[in-house]
Amino acid sequence: MNFDDTPQEAVFRAEARAWIVANAPKQYEDELRASSLGRIALKNADILDVAKAWQKKKADAGWACLHWPKDYGGRGASPIERVIWQQEEGPFGKLSGLFIIGHGMCGPTMMAYASEEHKRQYLPPLASGEKVWCQLFSEPAGGSDVAGLRTRAEKRGDEWVINGQKIWTSGAHYSDYGILLTRTDPTVPKHKGLTMFFLDMKSPGVEVRPIKQASGHSDFNEVYFTDVVIPDSQRLGAVNDGWNVALTTLMNERMSIGAGVATGVPELFAFCSNLMLDDRPAIEDRNVRSKLAHWAVRASGLKYTSLRAISALSKGERPGPENSIGKLVAAPMIQDVAAYALDLQGAAGVLSGPEAELAGKFQAMLLRAPGTRVEGGTDEIMRNIIAERVLGLPGDVRVDKDVPFNQVPTKGRA
Amino acid sequence: MNFDFSDDQKQLRDQARKFLAEKCPPKAVRVVLDGNEPYDRALWKGFAEMGFLGVAIPEEYGGAGAGHLELCVIAEEVGRALAPVPFSSTVYLAAEALMLAGSDAQKQAWLPKIASGEAIGTLALFEGTGNPSPKAIKLEAVNGVLNGVKKPVADGAIADLIIVAARTASTGRDSDISLFLVDVKAGGIEAKALTNLDPTRGQAELTFTNCKAEPLGAAGEGWSIITEVLDRAAVLTAFEQVGGSDRALEMGRDYALDRIAFGRPIGSFQAVKHILADMYVSATLARSNCYYGAWALSTNAPELPEAAASARISATQAYQHCAKNNIQVHGGMGFTWEFDCHMYYRRANALALGLGSLSYWEDQLIDRMRKRNAA
């Protein structure tokens with residue numbers, strides 16, 4: 001049990017720190033530091049431009065996608081070096097949020113299933129942020145039941161023709177490429193008739209429509225496919241083996257663990273230290289202290305749980321389903337923390353513009369949080385994963401498991 | 001950076017688990033629970049023989065000198081097995097206080113006896129309702145003579161060595177408090193065993209009447225020593241709590257797999273699965289906070305006070321959560337005397353109070369976080 005750097009880790013840290021100090025876009029540091037869930041945007045610059053420029057700079061100097069192999073634009077760094085980098089990158093790390101799906105999920109899936117030629121062609125510009133990727137899995141009828149998707153891919157010679165619709169696609173509006181899960185055989189049970197591809201988002205027949213969310217922002221999209229053509233060489237994995245490919249993608253989502261999951265706790269702590277309540281700082285109030293302590297230990301518990309996972313990773317263990325705990329704890333916590341921060345403000349908590357406390361940061365958090373509890377698997381799905389795959393409890397009853405997909409009922413009430 | 005116990009430490013944990021599975025099955029715990037014995041004497045002897053009591057005590061004082069990480073892994077197993085022995089009062093409180101503040105002569109006199117299982121120790125701090133605070137201490141020490149009443153004192157009725165927090169001044173400052181070491185054999189103490197929530201760990205009222213005591217640590221330093229002892233004990237107790245949480249979770253999981261209702265194992269119902277998943281979450285968060293606390297304790301890091309409070313709060317919540325939901329998963333059976341669930345429920349709720357309640361530690365945590373943020 002040791003929290004101190006080894007000599008090699010200390011050298012890596014010093015090198016990373018020196019490079020970040022010399023190269024980070026410091027003009028945005030304060031704004032990035034103040035930003036939190038729901039409002040990572042810059043006042044005087046396009047966040048995407050700033051993020052791409054920072055990512056490119058990192059890539060040129062060998063600091064991009066640290067854990068990826070060097071051949072594909074990474075650094076071949078150890079999991080602990082990744083943590084050290086995250087610690088040193090601090091608020092500038094928030095800029096990587098725009099690439100998280102590409103780097104955390106699409107890239108590793110390409111690495112596992114694309115041809116060597118494609119890997120060398122597509123991965124380095126993904127690592128350097130020059131090309132942005134999205135993941136086209138969810139559908140309107142699917143939700144948590146991802147394998148229930150209906151977007152069709154039909155073979156025509158050496159090509160596939162895609163028709164259908166995806167939804168909740170993060171970043172599709174600024175993505176260059178995507179990985180796409182389709183149905184290639186509706187006559188077999190749902191998990192058995194899926195196939196994965198990657199495609200150019202500028203292909204004819206792809207239409208991206210941003211969705212306005214409850215928060216008023218548009219981070220997600222609907223994506224429509226009308227006779228979109230994908231060459232067979234862009235298939236990832238075998239025909240009808242798409243579910244296994246998708247599982248690799250989802251498994252890699254857990255690999256993107258880090259020590260920096262957002263909880264809202266540091267923000268609430270700082271807020272309570274400054275807010276005056278009955279003529280004294282709110283943090284001196286007994287009830288406030290109790291709430292703060294309750295959330296603080298959950299946040300620190302999460303942080304050290306990540307570090308335990310990383311220790312296991314560095315010993316060669318695979319990240320397991322137990323890492324689902326991060327989102328399950330953090331997402332509802334952010335929602336509660338934000339609501340509490342508003343509660344402390346009394347009637348003024350309703351204000352959300354520039355005149356609000358911290359310019360409406362907690363209000364923005366409150367409106368974004370419901371999405372965080374749903375995206376990438378709902379709280380309920382996360383609990384099922386823990387119950388079934390960590391604790392070994394029986395799986396849910398799945399009445400459509402052995403039924404050909406085209407015979408699965410589509411409406412609850414006829 | 002490595003956030004895990006070493007292979008040797010894990011081996012020690014396995015060894016302790018095996019030993020306790022054999023020597024401390026639930027029926028052994030029940031002998032004490034049913035009031036037939038104040039503690040399990042044979043098990044206590046076994047603890048001494050296995051070297052559990054002196055694991056963190058330096059070799060020059062008769063211990064193994066292994067360290068606190070080793071003590072943490074044993075504490076976890078003690079909690080998991082509900083060991084009905086005065087382990088926490090003797091090892092986390094008395095021995096830690098001696099190691100922190102004792103003179104060489106005091107250490108020579110008592111630590112070997114603790115390590116060998118010959119002496120049971122405790123800390124007499126509380127005087128009725130309320131959390132740890134210098135103001136709450138009324139028991140007076142005048143020229144090394146103690147007069148007053150302490151309650152509850154963990155394992156107070158069976159202790160040979162009692163470390164007493166006493167008032168030596170009334171200035172309203174922390175320096176009003178000094179610590180004293182009392183050898184029970186010297187007399188002047190009347191002990192009364194008190195009925196309590198968890199009879200597998202005894203509680204007593206101790207009345208000190210002209211009781212002769214020797215100072216432990218410098219005069220006026222008592223409160224800072226107590227704070228440090230409580231922090232150290234908080235980490236160690238948190239490991240007991242995590243051990244108990246894990247066991248309660250396992251019991252609930254096993255029952256949910258075995259018990260059939262409506263034609264299915266009840267563990268296949270989402271409502272039950274989600275209860276168990278939430279138990280896993282709280283136990284895991286607590287364990288991770290405990291590991292950080294263990295590191296801080298074993299290296300005497302400046303982070304110890306904050307890490308100890310986090311471990312304490314998190315483990316208290318986790319054990320209470322797991323113990324009560326283990327009963328819920330067991331349904332009516334869980335509520336019977338015959339099933340073991342209530343033994344964990346009792347222990348969880350008793351451990352939640354012994355070093356000061358949750359609200360006390362919440363207060364401590366926030367003060368410590370503020371101090372760090374201000375620094």
# chains A, B, ... in the order shown; residues from 1 in each chain; ligands from 1
>>> interface_residues(of="chain A", to="chain B", cutoff="8 Å", atoms="only C-alpha atoms", output="PyMOL selection string")
chain A and resi 1-6+80+286+289-290+292-294+296-298+300-302+304-305+307-308+311+325+329+380+383-384+386-388+391+393-397
>>> residues_around(residues="region 133-145 of chain A", least_positions_apart="3", cutoff="9 Å", atoms="only C-alpha atoms", output="VMD selection string")
chain A and resid 99 101 to 103 105 to 107 126 148 to 151 165 to 172 174 to 182 201 222 to 223 246 374 376 to 378 381 410
>>> atom_distance(atom1="CA of Glu140 (chain B)", atom2="CA of Ala124 (chain B)")
12.8 Å
>>> select_by_dssp(residues="region 56-203 of chain B", states="helix (DSSP H, G or I)", output="PyMOL selection string")
chain B and resi 59-61+68-80+87-101+104-116+134-136+174-176+184-186
>>> write_last_selection(atoms="N, CA and C atoms", output="compact mmCIF listing (two decimals), in the first residue's frame")
# COMPACT_ATOMS: atom_id res chain seq x y z
N GLU B 59 8.87 -5.34 18.42
CA GLU B 59 9.46 -6.56 18.97
C GLU B 59 10.06 -6.35 20.36
N GLU B 60 10.66 -5.16 20.59
CA GLU B 60 11.29 -4.92 21.90
C GLU B 60 10.25 -4.95 23.02
N TYR B 61 8.97 -4.80 22.66
CA TYR B 61 7.91 -4.88 23.69
C TYR B 61 7.09 -6.15 23.54
N HIS B 68 1.00 -1.70 11.05
CA HIS B 68 -0.45 -1.47 11.08
C HIS B 68 -1.19 -2.02 9.87
N LEU B 69 -0.54 -2.16 8.72
CA LEU B 69 -1.25 -2.76 7.59
C LEU B 69 -1.64 -4.19 7.93
N GLU B 70 -0.72 -4.87 8.63
CA GLU B 70 -1.00 -6.24 9.04
C GLU B 70 -2.15 -6.27 10.05
N LEU B 71 -2.14 -5.27 10.94
CA LEU B 71 -3.23 -5.21 11.92
C LEU B 71 -4.57 -4.96 11.21
N CYS B 72 -4.54 -4.15 10.18
CA CYS B 72 -5.77 -3.87 9.42
C CYS B 72 -6.37 -5.14 8.83
N VAL B 73 -5.55 -5.98 8.24
CA VAL B 73 -6.11 -7.20 7.63
C VAL B 73 -6.68 -8.14 8.69
N ILE B 74 -6.06 -8.14 9.87
CA ILE B 74 -6.61 -8.98 10.95
C ILE B 74 -7.93 -8.39 11.45
N ALA B 75 -7.95 -7.07 11.59
CA ALA B 75 -9.18 -6.41 12.07
C ALA B 75 -10.35 -6.74 11.15
N GLU B 76 -10.10 -6.76 9.86
CA GLU B 76 -11.17 -7.08 8.92
C GLU B 76 -11.76 -8.47 9.21
N GLU B 77 -10.89 -9.41 9.48
CA GLU B 77 -11.36 -10.77 9.75
C GLU B 77 -12.06 -10.88 11.10
N VAL B 78 -11.57 -10.12 12.07
CA VAL B 78 -12.23 -10.10 13.38
C VAL B 78 -13.67 -9.61 13.23
N GLY B 79 -13.83 -8.60 12.39
CA GLY B 79 -15.17 -8.05 12.15
C GLY B 79 -16.05 -9.01 11.38
N ARG B 80 -15.46 -9.65 10.40
CA ARG B 80 -16.20 -10.61 9.57
C ARG B 80 -16.74 -11.77 10.41
N PHE B 87 -10.92 -7.31 21.56
CA PHE B 87 -9.81 -6.99 20.66
C PHE B 87 -9.67 -5.48 20.44
N SER B 88 -10.79 -4.84 20.09
CA SER B 88 -10.68 -3.42 19.74
C SER B 88 -10.27 -2.58 20.95
N SER B 89 -10.86 -2.85 22.11
CA SER B 89 -10.52 -2.03 23.28
C SER B 89 -9.06 -2.24 23.69
N THR B 90 -8.60 -3.49 23.61
CA THR B 90 -7.23 -3.78 24.04
C THR B 90 -6.20 -3.31 23.01
N VAL B 91 -6.47 -3.67 21.74
CA VAL B 91 -5.43 -3.47 20.72
C VAL B 91 -5.51 -2.07 20.09
N TYR B 92 -6.73 -1.63 19.73
CA TYR B 92 -6.82 -0.34 19.04
C TYR B 92 -6.72 0.83 20.02
N LEU B 93 -7.25 0.63 21.22
CA LEU B 93 -7.29 1.76 22.16
C LEU B 93 -6.13 1.74 23.16
N ALA B 94 -6.09 0.70 24.01
CA ALA B 94 -5.08 0.69 25.07
C ALA B 94 -3.66 0.60 24.49
N ALA B 95 -3.44 -0.37 23.60
CA ALA B 95 -2.09 -0.54 23.07
C ALA B 95 -1.66 0.68 22.26
N GLU B 96 -2.57 1.23 21.47
CA GLU B 96 -2.21 2.41 20.67
C GLU B 96 -1.88 3.59 21.58
N ALA B 97 -2.67 3.78 22.64
CA ALA B 97 -2.39 4.89 23.57
C ALA B 97 -1.03 4.70 24.22
N LEU B 98 -0.74 3.47 24.61
CA LEU B 98 0.57 3.20 25.22
C LEU B 98 1.70 3.46 24.22
N MET B 99 1.51 3.01 22.99
CA MET B 99 2.59 3.18 22.01
C MET B 99 2.79 4.65 21.67
N LEU B 100 1.69 5.40 21.69
CA LEU B 100 1.79 6.82 21.35
C LEU B 100 2.37 7.66 22.48
N ALA B 101 1.92 7.37 23.72
CA ALA B 101 2.23 8.30 24.80
C ALA B 101 2.94 7.68 25.99
N ASP B 104 8.89 4.49 28.49
CA ASP B 104 9.48 3.19 28.19
C ASP B 104 9.08 2.17 29.25
N ALA B 105 9.07 2.62 30.54
CA ALA B 105 8.72 1.70 31.62
C ALA B 105 7.28 1.22 31.48
N GLN B 106 6.38 2.14 31.11
CA GLN B 106 4.97 1.75 30.95
C GLN B 106 4.80 0.76 29.79
N LYS B 107 5.54 1.04 28.71
CA LYS B 107 5.46 0.12 27.57
C LYS B 107 6.00 -1.26 27.97
N GLN B 108 7.14 -1.24 28.67
CA GLN B 108 7.74 -2.51 29.11
C GLN B 108 6.79 -3.27 30.02
N ALA B 109 6.08 -2.54 30.84
CA ALA B 109 5.21 -3.19 31.82
C ALA B 109 3.97 -3.79 31.16
N TRP B 110 3.44 -3.12 30.14
CA TRP B 110 2.11 -3.53 29.65
C TRP B 110 2.08 -4.12 28.25
N LEU B 111 2.88 -3.61 27.34
CA LEU B 111 2.74 -4.10 25.96
C LEU B 111 3.00 -5.60 25.82
N PRO B 112 4.05 -6.14 26.51
CA PRO B 112 4.24 -7.60 26.39
C PRO B 112 3.03 -8.38 26.92
N LYS B 113 2.41 -7.84 27.97
CA LYS B 113 1.23 -8.54 28.53
C LYS B 113 0.05 -8.48 27.55
N ILE B 114 -0.04 -7.38 26.84
CA ILE B 114 -1.11 -7.29 25.83
C ILE B 114 -0.83 -8.27 24.70
N ALA B 115 0.41 -8.27 24.24
CA ALA B 115 0.76 -9.13 23.12
C ALA B 115 0.54 -10.61 23.46
N SER B 116 0.77 -10.97 24.72
CA SER B 116 0.65 -12.38 25.11
C SER B 116 -0.77 -12.74 25.52
N PRO B 134 -13.65 17.53 25.36
CA PRO B 134 -12.99 17.78 26.64
C PRO B 134 -13.98 18.28 27.70
N LYS B 135 -14.98 19.02 27.24
CA LYS B 135 -15.94 19.59 28.21
C LYS B 135 -16.77 18.51 28.89
N ALA B 136 -16.93 17.37 28.22
CA ALA B 136 -17.78 16.32 28.77
C ALA B 136 -17.07 15.52 29.87
N ASP B 174 -8.54 22.62 25.83
CA ASP B 174 -8.24 21.19 25.66
C ASP B 174 -7.20 20.73 26.68
N SER B 175 -6.34 21.65 27.09
CA SER B 175 -5.26 21.28 28.01
C SER B 175 -5.76 20.99 29.43
N ASP B 176 -7.06 21.06 29.64
CA ASP B 176 -7.62 20.67 30.94
C ASP B 176 -7.54 19.16 31.15
N VAL B 184 -5.85 -2.23 37.38
CA VAL B 184 -7.08 -2.55 38.09
C VAL B 184 -6.79 -3.25 39.42
N LYS B 185 -5.72 -4.00 39.43
CA LYS B 185 -5.35 -4.73 40.66
C LYS B 185 -5.11 -3.79 41.84
N ALA B 186 -4.71 -2.55 41.55
CA ALA B 186 -4.38 -1.61 42.62
C ALA B 186 -5.62 -1.17 43.39
>>> residues_around(residues="Arg346 (chain B)", least_positions_apart="2", cutoff="10 Å", atoms="only C-alpha atoms", output="list in words")
Asn196, Leu197, Asp198, Pro199, Thr200, Gln320, Ala323, Lys324, Cys341, His342, Met343, Tyr344, Ala348, Asn349, Ala350, Leu351 and Ala352 of chain B
>>> residues_around(residues="Leu66 (chain A)", least_positions_apart="4", cutoff="7 Å", atoms="only C-alpha atoms", output="PDB file with N, CA, C and O atoms, in the first residue's frame")
ATOM      1  N   GLY A  74      -0.366   6.548 -29.942  1.00  0.00           N
ATOM      2  CA  GLY A  74      -0.327   6.657 -28.485  1.00  0.00           C
ATOM      3  C   GLY A  74       1.088   6.722 -27.949  1.00  0.00           C
ATOM      4  O   GLY A  74       2.016   7.116 -28.668  1.00  0.00           O
ATOM      5  N   ARG A  75       1.247   6.305 -26.687  1.00  0.00           N
ATOM      6  CA  ARG A  75       2.536   6.407 -26.042  1.00  0.00           C
ATOM      7  C   ARG A  75       2.966   5.079 -25.408  1.00  0.00           C
ATOM      8  O   ARG A  75       4.084   4.939 -24.937  1.00  0.00           O
ATOM      9  N   GLY A  76       2.041   4.120 -25.337  1.00  0.00           N
ATOM     10  CA  GLY A  76       2.354   2.843 -24.694  1.00  0.00           C
ATOM     11  C   GLY A  76       2.605   2.987 -23.205  1.00  0.00           C
ATOM     12  O   GLY A  76       3.391   2.251 -22.620  1.00  0.00           O
ATOM     13  N   ALA A  77       1.895   3.944 -22.574  1.00  0.00           N
ATOM     14  CA  ALA A  77       2.144   4.225 -21.154  1.00  0.00           C
ATOM     15  C   ALA A  77       1.394   3.233 -20.263  1.00  0.00           C
ATOM     16  O   ALA A  77       0.443   2.585 -20.686  1.00  0.00           O
ATOM     17  N   ARG A  82      -1.049   6.986 -16.775  1.00  0.00           N
ATOM     18  CA  ARG A  82      -2.271   7.692 -17.202  1.00  0.00           C
ATOM     19  C   ARG A  82      -2.861   8.505 -16.065  1.00  0.00           C
ATOM     20  O   ARG A  82      -3.310   9.630 -16.239  1.00  0.00           O
TER      21      ARG A  82
END
>>> closest_residue(among="A:Gly73, A:Gly104, A:Ser218, A:Ala147", to="Pro189 (chain A)", atoms="only C-alpha atoms")
A:Ala147
>>> select_by_dssp(residues="region 121-171 of chain A", states="strand (DSSP E)", output="count of residues only")
18
>>> atom_distance(atom1="CA of Gly222 (chain B)", atom2="CA of Ala165 (chain B)")
6.8 Å
